[in-house]
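Report on the structure given below.
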Amino acid sequence: MIRQESNSNKSVESLFVTKRRILMVGEIDFSKDDAPKIHFFNLAINFDKLGYRTRVLVYSPQNKLREEETSLININFVPNPLTGNKISRSFKYLLIIPFVVFEIFSFKPHLVYFRFSPPAFLYTFIIKLYRFFSCNYKIVVEFNDWVSDQRKIQGESKFKAKIIEFLQLRSVFFVDYARVVTQGIKRKLCSFKVVCDKIFVVENGTDVNHFKPINRSKAKTNIGLNPDFLYVGFIGNFAIWQGLETFLNSIPRILKIRGNVRFILVGDGPEMRKIRNKISRFKNKEVVLTGRVPYKEAGKYINAFDIGVAPFIRERNESIGLSPLKIRDYAACGVPIITTRISGLEIVEKKEIGLLVPPDDSDTLSAAIIKLIENPALRKKMGKKGRKVAEELFSWEFIAKKILKMIKT
């Protein structure tokens, strides 16, 4: 009996040693329901589901974490450099290095996966050096944006933006692979004479089990909307590149033609004050502003949309392309989509799950919205196809498999 227990323990120990392991490192606060957290969290879950022992190293949360999330993945925390004064923040960025090195030493990962932030340049450099003295592991950095362009449009100085661009470029030199979410980011990296063979494109995904169709009228009633109206909705970060000003400028023309339509904006962000001022001209309840909603409730709101819009602007977006989560969330909920004709969004038209319109053009946007309002059969057809496309091409499991296939681990 004692011998059997010993063999059993040995088997478990052997499984731990031989099972492929992934260490994920990200500038993420898991107490926030933002896109970086959702993306990172879902990748980690699906790497684990695919049989890879996955450990996540992220910033100490500023708020309490949800127990149902923390129980799904193995999380360790590092000091949060997003809090404190400039001196303490700089020190915390450096303090993360020994945490990463210790995780590599103790966890012995086969793959170290970074989500890019400017300090990742230093971290990738250090762990590549450490690889000479430790186990052999592959290093991957993930780019979801061209960060310097994002910072410039947010008002960052050209000098700081150039430094960030330099750090983003240099971080590629210390990794084995760079995973980017759009062809535009790959083209931009290649234009700086980065080795293109190490760069691969895998788009973003959605949780098809969390986002799924429910009865539209019931969804509207559940969040306090009048089910007698058609609702055109947006969900996400109220940032300038989302094109919410274009959306709001399209509303008067729509209301002039169709009085049975209402509009709902779900979210929050730096443009909130401007959005509030712009919707003050509309009558009560013509435009509903919900504020931020928890991620676990997001599907209820999207299912209240008869049409989901994502009117991205040309600036910043056209040069790098887009792979937005909201497009995939809309599709998973069976909601027809109207978005802009920008690289990365062609799939909306190709798969017939929505309509594409020129960016920064409120007249064309309003015409597209009116077209779908007046054609319920087309909305239903697009929504049904959207759900099918989400299940086949947008699930996080599908995305995780593509990443692992590209890095051959």
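As shown in the structure tokens, the chain order sets the letters A, B, ...; within each chain, residues go from 1, and ligands are also counted from 1 in the order they appear.
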DSSP on the backbone: which residues in segment 125-294 of chain A end up as helix (DSSP H, G or I)? Give the answer as a VMD selection string. chain A and resid 125 to 130 147 to 153 158 to 173 183 to 191 196 to 198 216 to 222 240 to 242 244 to 257 272 to 279
Using only C-alpha atoms, what does the table of segment 149-193 of chain A residues within 12 Å of segment 313-325 of chain A look like, with each row giving the shortest atom pair and its distance in Å to one decimal, sorted by chain and ascending number, as a Markdown table?
| residue | atom | partner | partner_atom | distance |
| --- | --- | --- | --- | --- |
| A:Asp149 | CA | A:Arg316 | CA | 6.1 |
| A:Gln150 | CA | A:Arg316 | CA | 6.9 |
| A:Arg151 | CA | A:Arg316 | CA | 10.1 |
| A:Lys152 | CA | A:Arg316 | CA | 9.2 |
| A:Ile153 | CA | A:Arg316 | CA | 7.6 |
| A:Gln154 | CA | A:Arg316 | CA | 10.8 |
| A:Val180 | CA | A:Ser323 | CA | 9.9 |
| A:Val181 | CA | A:Ser323 | CA | 6.2 |
| A:Thr182 | CA | A:Gly321 | CA | 5.8 |
| A:Gln183 | CA | A:Gly321 | CA | 6.9 |
| A:Gly184 | CA | A:Ile320 | CA | 3.9 |
| A:Ile185 | CA | A:Ile320 | CA | 4.9 |
| A:Lys186 | CA | A:Ile320 | CA | 8.2 |
| A:Arg187 | CA | A:Ile320 | CA | 8.1 |
| A:Lys188 | CA | A:Ile320 | CA | 7.3 |
| A:Leu189 | CA | A:Ile320 | CA | 10.1 |
Spatial neighbours of segment 50-55 of chain A, max dist 7 Å, only C-alpha atoms, sep filter under 5 positions, as a tab-separated table (two decimals) with N, CA and C atoms, in the first residue's frame:
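The result, stored in selection_22.tsv:
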chain	number	residue	atom	x	y	z
A	19	LYS	N	4.78	18.24	-18.27
A	19	LYS	CA	3.72	19.05	-18.86
A	19	LYS	C	4.27	20.40	-19.31
A	20	ARG	N	3.87	20.86	-20.48
A	20	ARG	CA	4.33	22.13	-20.99
A	20	ARG	C	3.80	23.25	-20.11
A	21	ARG	N	4.64	24.25	-19.88
A	21	ARG	CA	4.30	25.32	-18.95
A	21	ARG	C	4.49	26.68	-19.61
A	22	ILE	N	3.55	27.59	-19.32
A	22	ILE	CA	3.58	28.95	-19.87
A	22	ILE	C	3.52	29.95	-18.73
A	23	LEU	N	4.46	30.88	-18.73
A	23	LEU	CA	4.44	32.00	-17.80
A	23	LEU	C	4.01	33.24	-18.59
A	24	MET	N	2.90	33.86	-18.17
A	24	MET	CA	2.40	35.06	-18.83
A	24	MET	C	2.65	36.27	-17.93
A	44	ALA	N	-5.06	33.15	-20.92
A	44	ALA	CA	-4.51	32.29	-19.87
A	44	ALA	C	-5.42	31.09	-19.61
A	74	ASN	N	-3.87	30.34	-12.24
A	74	ASN	CA	-2.82	30.47	-11.24
A	74	ASN	C	-2.20	31.86	-11.36
A	75	ILE	N	-2.46	32.74	-10.37
A	75	ILE	CA	-2.02	34.14	-10.44
A	75	ILE	C	-1.02	34.44	-9.33
Option closest in space to Glu245 of chain A, from A:Ile163, A:Val147, A:Val56, A:Leu365 [counting only C-alpha atoms]: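 For Glu245 of chain A, the nearest of the candidates is A:Leu365.
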Which neighbours of Gly354 of chain A fall inside 12 Å, counting only C-alpha atoms, when residues of the same chain fewer than 3 positions from it are skipped, and could you give them as an NGL selection string? :A and (306-310 or 327-328 or 330-331 or 334-341 or 345-351 or 357 or 368-369 or 371-372 or 378-387 or 389)
Create the file for the chosen residues now, containing C-alpha atoms and written as an mmCIF file, in the first residue's frame.
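Now in again_1.cif:
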data_model
loop_
_atom_site.group_PDB
_atom_site.id
_atom_site.type_symbol
_atom_site.label_atom_id
_atom_site.label_comp_id
_atom_site.auth_asym_id
_atom_site.auth_seq_id
_atom_site.Cartn_x
_atom_site.Cartn_y
_atom_site.Cartn_z
ATOM 1 C CA ASP A 306 -30.733 45.552 -32.461
ATOM 2 C CA ILE A 307 -27.627 46.947 -34.185
ATOM 3 C CA GLY A 308 -24.112 47.208 -32.756
ATOM 4 C CA VAL A 309 -21.898 50.054 -33.974
ATOM 5 C CA ALA A 310 -18.133 50.557 -33.855
ATOM 6 C CA ILE A 327 -16.816 43.396 -32.969
ATOM 7 C CA ARG A 328 -16.337 39.820 -31.819
ATOM 8 C CA TYR A 330 -21.379 41.698 -31.016
ATOM 9 C CA ALA A 331 -21.037 38.738 -33.396
ATOM 10 C CA GLY A 334 -25.885 37.518 -32.789
ATOM 11 C CA VAL A 335 -26.020 41.309 -33.193
ATOM 12 C CA PRO A 336 -25.565 42.757 -36.726
ATOM 13 C CA ILE A 337 -22.579 45.098 -36.939
ATOM 14 C CA ILE A 338 -21.896 48.480 -38.520
ATOM 15 C CA THR A 339 -18.254 49.518 -38.420
ATOM 16 C CA THR A 340 -15.727 51.402 -40.536
ATOM 17 C CA ARG A 341 -13.819 50.327 -43.604
ATOM 18 C CA LEU A 345 -12.434 44.809 -40.225
ATOM 19 C CA GLU A 346 -12.907 43.350 -43.714
ATOM 20 C CA ILE A 347 -14.224 40.140 -42.171
ATOM 21 C CA VAL A 348 -17.464 41.949 -41.249
ATOM 22 C CA GLU A 349 -18.294 42.426 -44.921
ATOM 23 C CA LYS A 350 -16.637 39.237 -46.164
ATOM 24 C CA LYS A 351 -18.619 37.008 -43.792
ATOM 25 C CA VAL A 357 -18.851 52.520 -43.902
ATOM 26 C CA ALA A 368 -26.259 52.318 -43.024
ATOM 27 C CA ILE A 369 -28.107 52.323 -39.693
ATOM 28 C CA LYS A 371 -30.824 50.482 -43.968
ATOM 29 C CA LEU A 372 -30.631 47.866 -41.212
ATOM 30 C CA LEU A 378 -31.265 41.283 -43.082
ATOM 31 C CA ARG A 379 -30.548 42.021 -39.413
ATOM 32 C CA LYS A 380 -31.653 38.522 -38.463
ATOM 33 C CA LYS A 381 -29.576 36.938 -41.228
ATOM 34 C CA MET A 382 -26.450 38.912 -40.255
ATOM 35 C CA GLY A 383 -26.917 38.116 -36.569
ATOM 36 C CA LYS A 384 -27.240 34.399 -37.238
ATOM 37 C CA LYS A 385 -24.128 34.386 -39.416
ATOM 38 C CA GLY A 386 -22.277 36.440 -36.809
ATOM 39 C CA ARG A 387 -22.852 33.823 -34.128
ATOM 40 C CA VAL A 389 -18.474 33.053 -37.349
#
So that I can check the secondary structure, give me every residue of segment 98-210 of chain A assigned strand (DSSP E) by backbone DSSP, as a VMD selection string. chain A and resid 111 to 115 138 to 143 177 to 180 199 to 201
Restricted to C-alpha atoms, what would the selected residues look like written as a short mmCIF file (atom, residue, chain, number, x, y, z; two decimals), in the first residue's frame?
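Full text of selection_26.cif as output:
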data_model
loop_
_atom_site.label_atom_id
_atom_site.label_comp_id
_atom_site.auth_asym_id
_atom_site.auth_seq_id
_atom_site.Cartn_x
_atom_site.Cartn_y
_atom_site.Cartn_z
CA LEU A 111 7.30 29.72 -22.90
CA VAL A 112 7.41 33.23 -21.41
CA TYR A 113 4.63 35.36 -22.90
CA PHE A 114 4.71 39.15 -22.43
CA ARG A 115 1.94 41.58 -23.22
CA LYS A 138 10.95 30.69 -25.79
CA ILE A 139 10.12 34.37 -25.35
CA VAL A 140 7.08 35.95 -27.00
CA VAL A 141 5.90 39.56 -26.88
CA GLU A 142 2.34 40.51 -27.83
CA PHE A 143 1.50 43.82 -29.51
CA TYR A 177 8.48 35.68 -31.58
CA ALA A 178 6.26 38.75 -31.72
CA ARG A 179 2.53 38.13 -31.86
CA VAL A 180 0.61 41.06 -33.33
CA ILE A 199 6.36 38.19 -36.37
CA PHE A 200 3.01 36.44 -36.73
CA VAL A 201 -0.55 37.76 -36.82
#
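For the residues A:Arg292, A:Lys401, A:Lys220, A:Arg276, ranking by smallest atom-to-atom distance to Arg262 of chain A using only C-alpha atoms places A:Lys220 first.
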Please provide the set of residues having any atom within 12 Å of Asn226 of chain A, restricted to only C-alpha atoms, with same-chain residues fewer than 3 positions apart removed, written as a list in words. Arg216, Ser217, Lys218, Ala219, Lys220, Thr221, Asn222, Ile223, Phe229, Leu230, Tyr231, Asn260, Val261, Arg262, Phe263, Ile264, Lys285, Glu286, Val288, Ala304 and Phe305 of chain A
Ranking A:Phe394, A:Phe107, A:Phe40, A:Phe30 by minimum distance to Lys64 of chain A and counting only C-alpha atoms, which one comes first?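 The shortest atom-to-atom distance to Lys64 of chain A comes from A:Phe30.
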Contacts of Tyr59 of chain A at 6 Å (only C-alpha atoms; same-chain gap of 2+ positions) as a PyMOL selection string: chain A and resi 28-29+77-80
In Å, rounded to a single decimal, give me how far atom CA of Pro270 of chain A is from atom CA of Pro252 of chain A.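 Going from atom CA of Pro252 of chain A over to atom CA of Pro270 of chain A covers 23.9 Å.
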Shell of 12 Å around segment 121-129 of chain A, only C-alpha atoms, local chain residues under 3 positions omitted, as a compact mmCIF listing (two decimals) with C-alpha atoms, in the first residue's frame:
# COMPACT_ATOMS: atom_id res chain seq x y z
CA VAL A 25 3.57 38.53 -17.75
CA GLY A 26 1.44 41.62 -18.27
CA GLU A 27 0.90 45.22 -17.23
CA TYR A 93 9.19 48.84 -12.45
CA LEU A 94 12.74 47.71 -11.58
CA LEU A 95 11.50 45.56 -8.70
CA ILE A 96 9.43 43.49 -11.12
CA ILE A 97 12.63 42.05 -12.66
CA PRO A 98 13.56 39.77 -9.72
CA PHE A 99 9.94 38.59 -9.54
CA VAL A 100 10.05 37.53 -13.19
CA VAL A 101 13.44 35.86 -12.80
CA PHE A 102 12.26 34.00 -9.69
CA GLU A 103 9.16 32.72 -11.52
CA ILE A 104 11.33 31.43 -14.35
CA PHE A 105 13.68 29.76 -11.87
CA PRO A 109 8.36 27.59 -18.15
CA LEU A 111 7.30 29.72 -22.90
CA VAL A 112 7.41 33.23 -21.41
CA TYR A 113 4.63 35.36 -22.90
CA PHE A 114 4.71 39.15 -22.43
CA ARG A 115 1.94 41.58 -23.22
CA PHE A 116 3.80 44.68 -24.36
CA SER A 117 4.15 47.78 -22.26
CA PRO A 118 7.21 50.09 -22.48
CA PHE A 132 22.05 31.43 -20.85
CA PHE A 133 22.15 30.33 -17.20
CA SER A 134 18.73 28.73 -16.86
CA CYS A 135 16.45 26.34 -18.70
CA ASN A 136 15.72 26.82 -22.36
CA TYR A 137 12.46 28.71 -22.96
CA LYS A 138 10.95 30.69 -25.79
CA ILE A 139 10.12 34.37 -25.35
CA VAL A 140 7.08 35.95 -27.00
CA VAL A 141 5.90 39.56 -26.88
CA GLU A 142 2.34 40.51 -27.83
CA ILE A 163 10.93 57.00 -26.75
CA ILE A 164 7.96 54.62 -26.49
CA GLU A 165 8.28 53.73 -30.17
CA PHE A 166 11.98 53.01 -29.66
CA LEU A 167 11.21 50.74 -26.71
CA GLN A 168 8.53 48.89 -28.64
CA LEU A 169 10.91 48.29 -31.54
CA ARG A 170 13.85 47.25 -29.37
CA SER A 171 11.74 44.78 -27.38
CA VAL A 172 11.24 42.75 -30.58
CA PHE A 173 14.99 42.17 -30.88
CA PHE A 174 15.16 40.26 -27.59
CA VAL A 175 12.33 37.81 -28.23
CA ASP A 176 11.92 34.69 -30.33
CA TYR A 177 8.48 35.68 -31.58
CA ALA A 178 6.26 38.75 -31.72
Nearest to Pro227 of chain A, restricted to only C-alpha atoms and choosing among A:Lys402, A:Lys212, A:Ala332, A:Asn303, comes out as A:Asn303
Which one of A:Val202, A:Ile302, A:Cys333, A:Val287 sits closest to Ala400 of chain A if you count only C-alpha atoms?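 Closest to Ala400 of chain A, using only C-alpha atoms: A:Val202.
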Using only C-alpha atoms, the best pick from A:Glu352, A:Asp48, A:Glu69, A:Glu271 as closest to Ser31 of chain A would be A:Glu69
